[in-house]
Each structure stands twice: as C-alpha cells, then as structure tokens.
Amino acid sequence: MAAGGDTDRNQALTCALCLDIYTSPKLLPCHHTFCQHCLEDLAATHPHNNFPCPSCRKQTAVPPGGVSDFQTNFYISTEDLERARKGVLCMTHPKDDLDLFCVDCDLPVCLKCVMTKHKTHETQDRNEAAGRAMSQLYKDIKRLQSCVGDVQKHVQLVTQEQQAVKDKHAALVANIRNRQATLKAAVDKYTDDALASLHNITTDITDTHKADLHCLQQNLQQLTKLQQRVQQAVDSGAGCELMTVAREMRCGRGSEEPVQKLTTKQTTTVCRPVLRFSATHDVTLERMRDYIGNAAKMEMAVSAPEVTVMEQFRCREDPDTDVYHVCPLTDGKVWVSYKPSIMREGTTCEKFSTDGEVVDTHKENVRAKVTWVPRRHDFAMCPRQRTGNIITFAKKTEPELTRFLRLNNDLTGQATVFTNQIVSEDPFKTESTKECTVTCGAHRAFDVDGSEQLFVVLEEAQAPDLQRTVRLYRRPKPRAIATYSPPVAPFQPSDVCFYTLGGHEVLLVADELNDAIHVVNVQDGRLSFARYLAPGCPLLVQPTALNTDTRGRLWIACRGGKILTCKPIA
C-alpha cells in the first residue's frame, strides 16, 4: 500500500483501483491512469472487451492487442515511481521530498504540505522521527517473535493432541475387537454400533482439531507476514517506510489489540474417546451391549505437567488381563495380583523383575497392597461370596518399615482396623493389634495418609446398577466422614492411593471407566476433586491399580497387563 491515508495523495502516483503506487501506468482515452494489471482484472470481469472507466464511468474498448496496448503514461516517470515506493516522495506534491514529519498527523510531509495543510501542526526532522521509529520497530520485532513462537507451540500441541487421539482411537478399536472375540458372532451388531459411535466421537474431536489448526495457521500466517513487513522496513532503513510501519505497529494491525486477538486462542481442555463398558464380568445376553462398550468423549482440563509417565513392563499379553493390584518391593522386584477368573494354573500372584521377567509365583494372594481371597469362583463377584485382606505397606513412621495398618472385612457391614508390627525379617510375620471397628461395606481398596490419622476405603457396589464408592474415615471413628463426588459420570473407581504432588499429599483415585486418575484434595475432613493426573496420557488406558514405592514413584497397573511408573517433575 502507498504511504499515508489522505485522498489527495491518491491523485498523483497512486492507482485509484489498487490504492498502491502505479505499476506499468496505462492511460485510458478519457485521460485517467491505472495500473496495467488492474485494468486487466477489470476487463476480465466485463464481456465483449468493453468496460467503464472506474473514475468517470465512460465506456472504454480494449485494444485488439489487449490492455497492454493502451498508451503508457510517460508523464509519470519511472524514477518518480521508484522514489514514491521508497517513501521519500510526497504523494500530494510529487516533485517534493518528504523532509519533515508531522507529529499531530503521524505522517511524513514535505515543506509545501507544512506551509498549507499542516501549518498549525507540530513538525520534526524526518531523520529524527525515523530514528525513533527504528527503535520502536526493534521492540515490535521481539514482541512479534514471541507471539509467533507462542502460536507455533500451540500448533505443535494441537498436532500432538490430534495424533494422540488417533493413537487412542486405534487402541480402543483393538479393545472393542478383543471384547468382540470373547462373545463371538452374537455381539456383531453391538460391535458395529460401538465402532460407529467411536468413529463419530473421534471425527468430532478431529474436526475440532482441524478447525483449531486452520484458525491457528491463519493467525500464524498473519503474524508472520506482519513480522516480515517490520523486518523489511528495518532492513531497508528508509525513513518514511520505517515511520509508516511504526505507525501500523502503534495504532494499526500491528498494535497490541489486533496482535493479541491472534494469540488469544488457547486450548483449555483435551478430549479423548473413551470406552464406556460394563465393569463386571457378569456377561449375559441382555448385557452384551454394555460389555462391548459405548464410545464417549472424555473432556479433561489442560494442566501443567506434574509427572512423567513411562511403561515399565507387561505382566501378561492377554488384552483382557485384569490386574487387581501392584506392589513394588524394596529389592526392586514387583508383585502383581490378578482377578481369579484369568489365573493361569491357579496362580493368583506373580513377582516380576523390573524388565518383566517372572521370578516367583504364589497361589495364596497375600503379597499385594490389596488382595482378595474369593470363597468360590463366580463371574458375578457378589460381595457376599468373598472376603478381603487389605494391607498397606507404604505407610510408616520410622526410617525402616516396621509397622503398617490392615483392614479386615468380614462382609457383615463392619470392618476391623489392625495395627501390624513386624517382628522378624519376613515382613509378613507380624503381631496384630486390633485398633477399631468401622462401618464399611465390601471393599476393593484401602490406603492410609501420611499422618496415619485418615484412611480411605473403596467400597464395592452393592447392586449391579450402583457404582463403587470412595469414603474417608478418621481413626478411630466408626463412620465415614466424607464421600468422594467425582466430576464425571458414570464413574468406576478401581483403586485409591495417597501420593505427594508438589509438596502436598493428595488422594489419587484410579478411574477405569474413563481412562483417568483423579487427583483429590483431602482437607478439613472433605474430599474434593482438584484435577486429573497427566490428562490425556496415551499410556493411561483403563487403570486398575495404584501404589507407591520407597523412592517416591507412583506405580500404575492397567487392564491388559501394562505396568507404568510415574515420577514427579521437579
């Protein structure tokens, strides 16, 4: 665009069509001048090689040789046009240089302009004003570089999110296929419904990502062009161009408000397709659809990374492996216990090295943090047909682990809290002291906070249409003092664990149904949701067990046999 904004300036060296300095000025028979390319565009929009003059509306015929055959306006010299493009020639007085700068109008002007139109305005030397403009433009370059970097980072984030959703989509497709295999041909209809629902959910998320990327790329393109314009002005060193661009940076498209609009779009949530399925193995013909699952969009707020998540090993290759609990030992080995329905050769617990090699097995399920001793095998897993022996290893008050709590549940509605004192090198040879009795339903998990004054119990649902419940107790009171209300429904907690994040102890609740781990604040006897741990992490797929080791790492077991570790980010 030509420098300045006054209409008088458009009458000398500026084309009235493109409002820019003339390029190949052509003179029409009516003596009005326009750029050759502007006339070509104008002629192309009118049939029969006849168009009206944009200034006087007189009909003009295109010469046989085309617009290029119109007479060139030789009164407009190439030298004047070049000087005008460099911003040193006054557009109102084409023979005069722009030697001054009008402070009131924020424009470079010539001496004649000062004596007439800008007579009462404050003026300055052009070189002095250009120096200030140069200084300001250097600051604008840094500001734009920062904005461009922010948008580029966000583009990268959305691109990564897009790939993560695709990866999760592939994992859920595999999950759906595995469930289909267990029910054979009878579940074909429900499988197709679930895949179609998953496809629609993923398409919805992907379309959102595409729209976000398109918008971000447009914003990035505008910011990049603006940055290039500023850089070109600085590189040219032309005073008038510097002042013109500086004006745009102050009050035009490069000012704070329009640039801020291009950088304000931020992602506050991430979405993942999750599979809503029946959490039990009570598979009947009436519940086939629940077992296959239903795709849903799980939305989690973006938060600063708190932990790094990595896969340690796989304890089983069976995609339907249901890991009940994981227990890291001080010697680097890890005990893993399984749901009885998938036991091999009667083993209920296996010890692994950190590289995934089995080093020991046990038929008695006594080694994990939370263990179940079923009275008889039953797919329905009715609470009245099993009992539990739940032990917390990680809580201690002494440098070495010598004391821990145990919760025994006899399924009568009452559970007994024991204090266990280790009396030999074998940590399972202990002396137990009964501490108190609490009102507690059949439970799946149990953990104690660092003060050993509070403990949390994950109670099993008492009916198929009910959810598991997370309740908080204070020793030695018999009744729960708080119940956790999750931010998402349906909700299927599979384990609980106290853990230290950012110097504060929080409660972690594994949510198998939503591929999430809830971070819950425990304060003033209340349980309140704070955020999700590692939201959207592709490794967190149906977490079923949580535990900590003496190094402060969090261990997570997922359905399918995947064992993960998390380490807080310093």
# chains A, B, ... in the order shown; residues from 1 in each chain; ligands from 1
>>> residues_around(residues="A:Cys271", least_positions_apart="3", cutoff="9 Å", atoms="only C-alpha atoms", output="VMD selection string")
chain A and resid 161 165 205 297 to 301 536
>>> write_last_selection(atoms="C-alpha atoms", output="short mmCIF file (atom, residue, chain, number, x, y, z; two decimals), in the first residue's frame")
data_model
loop_
_atom_site.label_atom_id
_atom_site.label_comp_id
_atom_site.auth_asym_id
_atom_site.auth_seq_id
_atom_site.Cartn_x
_atom_site.Cartn_y
_atom_site.Cartn_z
CA GLU A 161 -3.21 -33.93 20.55
CA VAL A 165 -6.48 -39.08 19.71
CA ILE A 205 -12.71 -34.31 18.06
CA LYS A 297 -15.87 -38.17 24.54
CA MET A 298 -13.96 -37.64 27.77
CA GLU A 299 -13.01 -33.99 28.33
CA MET A 300 -10.20 -33.11 30.73
CA ALA A 301 -8.87 -29.65 31.53
CA GLY A 536 -4.81 -37.36 28.00
#
>>> select_by_dssp(residues="stretch 45-254 of chain A", states="helix (DSSP H, G or I)", output="NGL selection string")
:A and (47-49 or 67-69 or 78-85 or 111-115 or 126-236 or 239-251)
>>> write_last_selection(atoms="C-alpha atoms", output="CSV table (one decimal), in the first residue's frame")
chain,number,residue,atom,x,y,z
A,47,PRO,CA,-17.7,-9.2,-21.6
A,48,HIS,CA,-17.1,-8.0,-25.2
A,49,ASN,CA,-13.8,-6.2,-24.3
A,67,VAL,CA,-4.8,-3.9,-22.2
A,68,SER,CA,-1.0,-3.7,-22.8
A,69,ASP,CA,-1.7,-1.8,-26.0
A,78,THR,CA,10.0,5.5,-13.5
A,79,GLU,CA,12.2,7.5,-11.2
A,80,ASP,CA,9.3,9.2,-9.5
A,81,LEU,CA,7.5,5.9,-9.0
A,82,GLU,CA,10.6,4.3,-7.5
A,83,ARG,CA,11.1,7.3,-5.2
A,84,ALA,CA,7.4,7.1,-4.2
A,85,ARG,CA,7.8,3.4,-3.4
A,111,LEU,CA,7.7,21.6,3.1
A,112,LYS,CA,4.7,22.6,0.9
A,113,CYS,CA,2.5,20.4,3.0
A,114,VAL,CA,3.7,22.1,6.2
A,115,MET,CA,3.0,25.5,4.8
A,126,ARG,CA,12.4,13.3,9.3
A,127,ASN,CA,15.6,11.6,10.3
A,128,GLU,CA,15.0,12.2,13.9
A,129,ALA,CA,11.5,10.7,13.7
A,130,ALA,CA,12.8,7.7,11.7
A,131,GLY,CA,15.4,7.0,14.4
A,132,ARG,CA,12.6,6.8,17.0
A,133,ALA,CA,10.6,4.6,14.6
A,134,MET,CA,13.6,2.3,14.2
A,135,SER,CA,14.0,1.9,17.9
A,136,GLN,CA,10.3,1.1,18.4
A,137,LEU,CA,10.3,-1.4,15.5
A,138,TYR,CA,13.1,-3.4,17.1
A,139,LYS,CA,10.9,-3.8,20.1
A,140,ASP,CA,8.0,-4.7,17.9
A,141,ILE,CA,10.1,-7.4,16.2
A,142,LYS,CA,10.9,-9.0,19.6
A,143,ARG,CA,7.2,-8.8,20.6
A,144,LEU,CA,6.1,-10.4,17.3
A,145,GLN,CA,8.8,-13.1,17.6
A,146,SER,CA,7.4,-14.0,21.0
A,147,CYS,CA,3.8,-14.1,19.6
A,148,VAL,CA,4.8,-16.2,16.6
A,149,GLY,CA,6.6,-18.6,19.0
A,150,ASP,CA,3.6,-19.0,21.2
A,151,VAL,CA,1.3,-19.8,18.3
A,152,GLN,CA,3.9,-22.2,16.9
A,153,LYS,CA,4.0,-24.0,20.2
A,154,HIS,CA,0.2,-24.2,20.3
A,155,VAL,CA,0.1,-25.5,16.7
A,156,GLN,CA,2.5,-28.2,17.8
A,157,LEU,CA,0.4,-29.0,20.9
A,158,VAL,CA,-2.8,-29.4,18.9
A,159,THR,CA,-0.9,-31.5,16.3
A,160,GLN,CA,0.3,-33.8,19.1
A,161,GLU,CA,-3.2,-33.9,20.6
A,162,GLN,CA,-4.5,-34.9,17.1
A,163,GLN,CA,-2.0,-37.8,16.9
A,164,ALA,CA,-2.8,-38.8,20.5
A,165,VAL,CA,-6.5,-39.1,19.7
A,166,LYS,CA,-5.7,-41.2,16.6
A,167,ASP,CA,-3.5,-43.5,18.8
A,168,LYS,CA,-6.2,-43.8,21.4
A,169,HIS,CA,-8.7,-44.4,18.7
A,170,ALA,CA,-6.6,-47.3,17.5
A,171,ALA,CA,-6.2,-48.7,21.0
A,172,LEU,CA,-9.9,-48.6,21.6
A,173,VAL,CA,-10.7,-50.3,18.3
A,174,ALA,CA,-8.4,-53.1,19.4
A,175,ASN,CA,-10.1,-53.2,22.8
A,176,ILE,CA,-13.5,-53.4,21.1
A,177,ARG,CA,-12.3,-56.2,18.8
A,178,ASN,CA,-10.9,-58.2,21.8
A,179,ARG,CA,-14.2,-58.0,23.6
A,180,GLN,CA,-16.0,-59.0,20.4
A,181,ALA,CA,-13.8,-62.1,20.2
A,182,THR,CA,-15.0,-63.2,23.6
A,183,LEU,CA,-18.6,-63.1,22.7
A,184,LYS,CA,-18.2,-64.4,19.1
A,185,ALA,CA,-20.8,-63.7,16.5
A,186,ALA,CA,-23.6,-62.9,18.9
A,187,VAL,CA,-22.2,-59.4,19.5
A,188,ASP,CA,-21.7,-58.4,15.9
A,189,LYS,CA,-24.5,-55.8,16.0
A,190,TYR,CA,-23.3,-54.2,19.2
A,191,THR,CA,-19.7,-54.2,18.0
A,192,ASP,CA,-20.7,-52.3,14.8
A,193,ASP,CA,-22.7,-49.8,16.9
A,194,ALA,CA,-19.8,-49.2,19.2
A,195,LEU,CA,-17.3,-48.7,16.3
A,196,ALA,CA,-19.7,-46.3,14.6
A,197,SER,CA,-20.1,-44.4,17.8
A,198,LEU,CA,-16.4,-44.3,18.3
A,199,HIS,CA,-15.8,-43.1,14.8
A,200,ASN,CA,-18.3,-40.3,15.2
A,201,ILE,CA,-16.8,-39.2,18.5
A,202,THR,CA,-13.2,-39.3,17.0
A,203,THR,CA,-14.4,-37.4,13.9
A,204,ASP,CA,-16.0,-34.8,16.1
A,205,ILE,CA,-12.7,-34.3,18.1
A,206,THR,CA,-10.6,-34.4,14.9
A,207,ASP,CA,-12.8,-31.9,13.2
A,208,THR,CA,-12.4,-29.6,16.1
A,209,HIS,CA,-8.6,-30.0,15.9
A,210,LYS,CA,-8.7,-29.3,12.1
A,211,ALA,CA,-10.7,-26.2,12.7
A,212,ASP,CA,-8.4,-25.1,15.5
A,213,LEU,CA,-5.3,-25.8,13.3
A,214,HIS,CA,-6.8,-23.9,10.4
A,215,CYS,CA,-7.5,-20.9,12.6
A,216,LEU,CA,-4.1,-21.1,14.2
A,217,GLN,CA,-2.3,-21.4,10.9
A,218,GLN,CA,-4.2,-18.4,9.6
A,219,ASN,CA,-3.2,-16.4,12.7
A,220,LEU,CA,0.4,-17.6,12.3
A,221,GLN,CA,0.4,-16.6,8.7
A,222,GLN,CA,-0.9,-13.1,9.5
A,223,LEU,CA,1.7,-12.7,12.3
A,224,THR,CA,4.5,-14.0,10.1
A,225,LYS,CA,3.5,-11.5,7.3
A,226,LEU,CA,3.4,-8.7,9.8
A,227,GLN,CA,6.8,-9.8,11.2
A,228,GLN,CA,8.3,-9.9,7.6
A,229,ARG,CA,6.9,-6.4,6.9
A,230,VAL,CA,8.5,-5.0,10.0
A,231,GLN,CA,11.8,-6.8,9.2
A,232,GLN,CA,11.8,-5.5,5.6
A,233,ALA,CA,11.2,-1.9,6.9
A,234,VAL,CA,14.1,-2.3,9.3
A,235,ASP,CA,16.3,-3.8,6.6
A,236,SER,CA,15.5,-1.1,4.1
A,239,GLY,CA,12.9,6.7,7.0
A,240,CYS,CA,9.4,7.1,5.7
A,241,GLU,CA,8.8,3.4,5.4
A,242,LEU,CA,10.1,3.0,8.9
A,243,MET,CA,7.7,5.6,10.2
A,244,THR,CA,4.8,4.2,8.3
A,245,VAL,CA,5.4,0.7,9.6
A,246,ALA,CA,5.9,2.1,13.1
A,247,ARG,CA,2.5,3.7,12.9
A,248,GLU,CA,1.0,0.4,12.0
A,249,MET,CA,2.7,-1.1,15.0
A,250,ARG,CA,1.3,1.6,17.3
A,251,CYS,CA,-2.2,2.0,16.1
>>> residues_around(residues="A:Val488", least_positions_apart="3", cutoff="12 Å", atoms="only C-alpha atoms", output="ChimeraX atom specification")
/A:296-300,484-485,491-493,511,513-518,529,531-532
>>> write_last_selection(atoms="C-alpha atoms", output="PDB file, in the first residue's frame")
ATOM      1  CA  ALA A 296     -17.859 -41.381  24.545  1.00  0.00           C
ATOM      2  CA  LYS A 297     -15.869 -38.167  24.540  1.00  0.00           C
ATOM      3  CA  MET A 298     -13.957 -37.643  27.769  1.00  0.00           C
ATOM      4  CA  GLU A 299     -13.006 -33.986  28.334  1.00  0.00           C
ATOM      5  CA  MET A 300     -10.203 -33.113  30.730  1.00  0.00           C
ATOM      6  CA  TYR A 484     -16.000 -38.501  47.137  1.00  0.00           C
ATOM      7  CA  SER A 485     -18.188 -36.928  44.433  1.00  0.00           C
ATOM      8  CA  PHE A 491     -17.519 -43.291  37.283  1.00  0.00           C
ATOM      9  CA  GLN A 492     -15.788 -46.605  38.047  1.00  0.00           C
ATOM     10  CA  PRO A 493     -13.026 -46.287  40.684  1.00  0.00           C
ATOM     11  CA  ASP A 511     -10.990 -44.406  37.202  1.00  0.00           C
ATOM     12  CA  LEU A 513     -14.072 -46.447  33.045  1.00  0.00           C
ATOM     13  CA  ASN A 514     -12.761 -43.045  31.906  1.00  0.00           C
ATOM     14  CA  ASP A 515      -9.045 -43.831  31.443  1.00  0.00           C
ATOM     15  CA  ALA A 516      -8.210 -41.292  34.130  1.00  0.00           C
ATOM     16  CA  ILE A 517      -6.658 -40.832  37.545  1.00  0.00           C
ATOM     17  CA  HIS A 518      -8.433 -38.278  39.726  1.00  0.00           C
ATOM     18  CA  PHE A 529     -11.778 -33.111  43.016  1.00  0.00           C
ATOM     19  CA  ARG A 531      -7.698 -32.136  38.529  1.00  0.00           C
ATOM     20  CA  TYR A 532      -6.679 -35.184  36.501  1.00  0.00           C
TER      21      TYR A 532
END
>>> residues_around(residues="A:Ala445", least_positions_apart="2", cutoff="6 Å", atoms="only C-alpha atoms", output="list in words")
Val370, His443, Val457, Leu458 and Asp495 of chain A
>>> write_last_selection(atoms="N, CA, C and O atoms", output="PDB file, in the first residue's frame")
ATOM      1  N   VAL A 370      -3.467 -54.636  48.031  1.00  0.00           N
ATOM      2  CA  VAL A 370      -4.852 -55.006  48.304  1.00  0.00           C
ATOM      3  C   VAL A 370      -5.083 -56.383  47.700  1.00  0.00           C
ATOM      4  O   VAL A 370      -4.761 -56.615  46.542  1.00  0.00           O
ATOM      5  N   HIS A 443     -15.210 -54.141  50.395  1.00  0.00           N
ATOM      6  CA  HIS A 443     -14.304 -53.154  49.833  1.00  0.00           C
ATOM      7  C   HIS A 443     -13.326 -53.790  48.859  1.00  0.00           C
ATOM      8  O   HIS A 443     -13.022 -54.983  48.912  1.00  0.00           O
ATOM      9  N   VAL A 457     -11.368 -45.851  51.974  1.00  0.00           N
ATOM     10  CA  VAL A 457     -11.814 -47.191  51.591  1.00  0.00           C
ATOM     11  C   VAL A 457     -12.626 -47.084  50.296  1.00  0.00           C
ATOM     12  O   VAL A 457     -13.504 -46.225  50.176  1.00  0.00           O
ATOM     13  N   LEU A 458     -12.297 -47.941  49.343  1.00  0.00           N
ATOM     14  CA  LEU A 458     -13.059 -48.043  48.098  1.00  0.00           C
ATOM     15  C   LEU A 458     -14.023 -49.211  48.238  1.00  0.00           C
ATOM     16  O   LEU A 458     -13.617 -50.378  48.242  1.00  0.00           O
ATOM     17  N   ASP A 495      -9.053 -48.239  42.275  1.00  0.00           N
ATOM     18  CA  ASP A 495      -8.070 -48.269  43.361  1.00  0.00           C
ATOM     19  C   ASP A 495      -7.893 -46.847  43.887  1.00  0.00           C
ATOM     20  O   ASP A 495      -8.230 -45.865  43.217  1.00  0.00           O
TER      21      ASP A 495
END
>>> residues_around(residues="A:Ser353", least_positions_apart="6", cutoff="9 Å", atoms="only C-alpha atoms", output="list in words")
Gly332, Lys333, Val334 and Val359 of chain A
>>> closest_residue(among="A:Asp447, A:Glu435, A:Glu512, A:Asp104", to="A:Phe418", atoms="only C-alpha atoms")
A:Glu435
>>> residues_around(residues="stretch 466-471 of chain A", least_positions_apart="3", cutoff="6 Å", atoms="only C-alpha atoms", output="tab-separated table (two decimals) with N, CA and C atoms, in the first residue's frame")
chain	number	residue	atom	x	y	z
A	456	VAL	N	-8.76	-44.16	53.62
A	456	VAL	CA	-9.81	-44.15	52.62
A	456	VAL	C	-10.11	-45.58	52.20
A	457	VAL	N	-11.37	-45.85	51.97
A	457	VAL	CA	-11.81	-47.19	51.59
A	457	VAL	C	-12.63	-47.08	50.30
A	458	LEU	N	-12.30	-47.94	49.34
A	458	LEU	CA	-13.06	-48.04	48.10
A	458	LEU	C	-14.02	-49.21	48.24
A	459	GLU	N	-15.30	-48.89	48.40
A	459	GLU	CA	-16.31	-49.91	48.65
A	459	GLU	C	-16.92	-50.39	47.34
A	460	GLU	N	-17.13	-51.68	47.25
A	460	GLU	CA	-17.76	-52.27	46.08
A	460	GLU	C	-19.24	-51.89	46.03
A	461	ALA	N	-19.79	-51.83	44.82
A	461	ALA	CA	-21.22	-51.58	44.66
A	461	ALA	C	-22.02	-52.75	45.22
A	463	ALA	N	-25.10	-53.42	44.36
A	463	ALA	CA	-26.07	-53.87	43.36
A	463	ALA	C	-25.48	-53.58	41.98
A	482	ALA	N	-16.52	-38.45	55.05
A	482	ALA	CA	-16.69	-37.81	53.74
A	482	ALA	C	-16.81	-38.88	52.67
A	483	THR	N	-17.52	-38.52	51.59
A	483	THR	CA	-17.67	-39.39	50.41
A	483	THR	C	-17.27	-38.59	49.18
A	484	TYR	N	-16.51	-39.21	48.31
A	484	TYR	CA	-16.00	-38.50	47.14
A	484	TYR	C	-17.07	-38.40	46.06
>>> closest_residue(among="A:Ala480, A:Ala545, A:Val417, A:Leu17", to="A:Val496", atoms="only C-alpha atoms")
A:Ala545
>>> closest_residue(among="A:Cys15, A:Phe446, A:Thr263, A:Ala415", to="A:Lys434", atoms="only C-alpha atoms")
A:Ala415
>>> residues_around(residues="A:Ser24", least_positions_apart="3", cutoff="10 Å", atoms="only C-alpha atoms", output="number ranges by chain")
A: 21, 27, 33-38, 68, 72-74, 76, 78, 81
>>> write_last_selection(atoms="N, CA, C and O atoms", output="PDB file, in the first residue's frame")
ATOM      1  N   ILE A  21       1.180   2.353  -5.350  1.00  0.00           N
ATOM      2  CA  ILE A  21       1.979   3.070  -6.338  1.00  0.00           C
ATOM      3  C   ILE A  21       1.813   2.398  -7.695  1.00  0.00           C
ATOM      4  O   ILE A  21       1.770   1.176  -7.797  1.00  0.00           O
ATOM      5  N   LEU A  27      -2.676   4.819 -19.763  1.00  0.00           N
ATOM      6  CA  LEU A  27      -3.548   5.980 -19.907  1.00  0.00           C
ATOM      7  C   LEU A  27      -4.744   5.602 -20.779  1.00  0.00           C
ATOM      8  O   LEU A  27      -4.577   5.167 -21.926  1.00  0.00           O
ATOM      9  N   THR A  33      -5.573   7.328 -15.469  1.00  0.00           N
ATOM     10  CA  THR A  33      -4.463   6.372 -15.453  1.00  0.00           C
ATOM     11  C   THR A  33      -4.689   5.316 -14.374  1.00  0.00           C
ATOM     12  O   THR A  33      -5.117   5.631 -13.254  1.00  0.00           O
ATOM     13  N   PHE A  34      -4.358   4.055 -14.765  1.00  0.00           N
ATOM     14  CA  PHE A  34      -4.462   2.927 -13.831  1.00  0.00           C
ATOM     15  C   PHE A  34      -3.322   1.960 -14.117  1.00  0.00           C
ATOM     16  O   PHE A  34      -2.716   1.978 -15.192  1.00  0.00           O
ATOM     17  N   CYS A  35      -3.050   1.079 -13.160  1.00  0.00           N
ATOM     18  CA  CYS A  35      -2.032   0.043 -13.362  1.00  0.00           C
ATOM     19  C   CYS A  35      -2.505  -0.916 -14.455  1.00  0.00           C
ATOM     20  O   CYS A  35      -3.709  -1.203 -14.590  1.00  0.00           O
ATOM     21  N   GLN A  36      -1.544  -1.463 -15.191  1.00  0.00           N
ATOM     22  CA  GLN A  36      -1.887  -2.397 -16.259  1.00  0.00           C
ATOM     23  C   GLN A  36      -2.590  -3.632 -15.700  1.00  0.00           C
ATOM     24  O   GLN A  36      -3.610  -4.071 -16.244  1.00  0.00           O
ATOM     25  N   HIS A  37      -2.054  -4.188 -14.610  1.00  0.00           N
ATOM     26  CA  HIS A  37      -2.670  -5.408 -14.064  1.00  0.00           C
ATOM     27  C   HIS A  37      -4.059  -5.126 -13.503  1.00  0.00           C
ATOM     28  O   HIS A  37      -4.943  -5.995 -13.521  1.00  0.00           O
ATOM     29  N   CYS A  38      -4.296  -3.885 -13.012  1.00  0.00           N
ATOM     30  CA  CYS A  38      -5.635  -3.544 -12.514  1.00  0.00           C
ATOM     31  C   CYS A  38      -6.633  -3.480 -13.672  1.00  0.00           C
ATOM     32  O   CYS A  38      -7.780  -3.952 -13.538  1.00  0.00           O
ATOM     33  N   SER A  68      -2.400  -4.211 -22.625  1.00  0.00           N
ATOM     34  CA  SER A  68      -1.012  -3.749 -22.769  1.00  0.00           C
ATOM     35  C   SER A  68      -0.856  -2.753 -23.918  1.00  0.00           C
ATOM     36  O   SER A  68       0.139  -2.012 -23.974  1.00  0.00           O
ATOM     37  N   THR A  72       1.068   4.081 -22.618  1.00  0.00           N
ATOM     38  CA  THR A  72       1.739   4.242 -21.327  1.00  0.00           C
ATOM     39  C   THR A  72       1.798   5.718 -20.968  1.00  0.00           C
ATOM     40  O   THR A  72       2.084   6.569 -21.806  1.00  0.00           O
ATOM     41  N   ASN A  73       1.512   6.022 -19.699  1.00  0.00           N
ATOM     42  CA  ASN A  73       1.543   7.400 -19.229  1.00  0.00           C
ATOM     43  C   ASN A  73       3.002   7.796 -18.967  1.00  0.00           C
ATOM     44  O   ASN A  73       3.563   7.526 -17.898  1.00  0.00           O
ATOM     45  N   PHE A  74       3.607   8.436 -19.976  1.00  0.00           N
ATOM     46  CA  PHE A  74       5.017   8.793 -19.860  1.00  0.00           C
ATOM     47  C   PHE A  74       5.231  10.019 -18.964  1.00  0.00           C
ATOM     48  O   PHE A  74       6.376  10.351 -18.650  1.00  0.00           O
ATOM     49  N   ILE A  76       4.373  10.087 -15.971  1.00  0.00           N
ATOM     50  CA  ILE A  76       4.744   9.509 -14.671  1.00  0.00           C
ATOM     51  C   ILE A  76       6.046   8.767 -14.876  1.00  0.00           C
ATOM     52  O   ILE A  76       6.083   7.687 -15.469  1.00  0.00           O
ATOM     53  N   THR A  78       9.550   6.686 -14.286  1.00  0.00           N
ATOM     54  CA  THR A  78       9.952   5.513 -13.501  1.00  0.00           C
ATOM     55  C   THR A  78      10.703   5.935 -12.246  1.00  0.00           C
ATOM     56  O   THR A  78      10.558   5.335 -11.171  1.00  0.00           O
ATOM     57  N   LEU A  81       8.226   7.062  -9.620  1.00  0.00           N
ATOM     58  CA  LEU A  81       7.537   5.903  -9.029  1.00  0.00           C
ATOM     59  C   LEU A  81       8.440   5.179  -8.036  1.00  0.00           C
ATOM     60  O   LEU A  81       7.986   4.745  -6.957  1.00  0.00           O
TER      61      LEU A  81
END
>>> closest_residue(among="A:Leu42, A:Leu28, A:Val520, A:Val438", to="A:Pro63", atoms="only C-alpha atoms")
A:Leu28
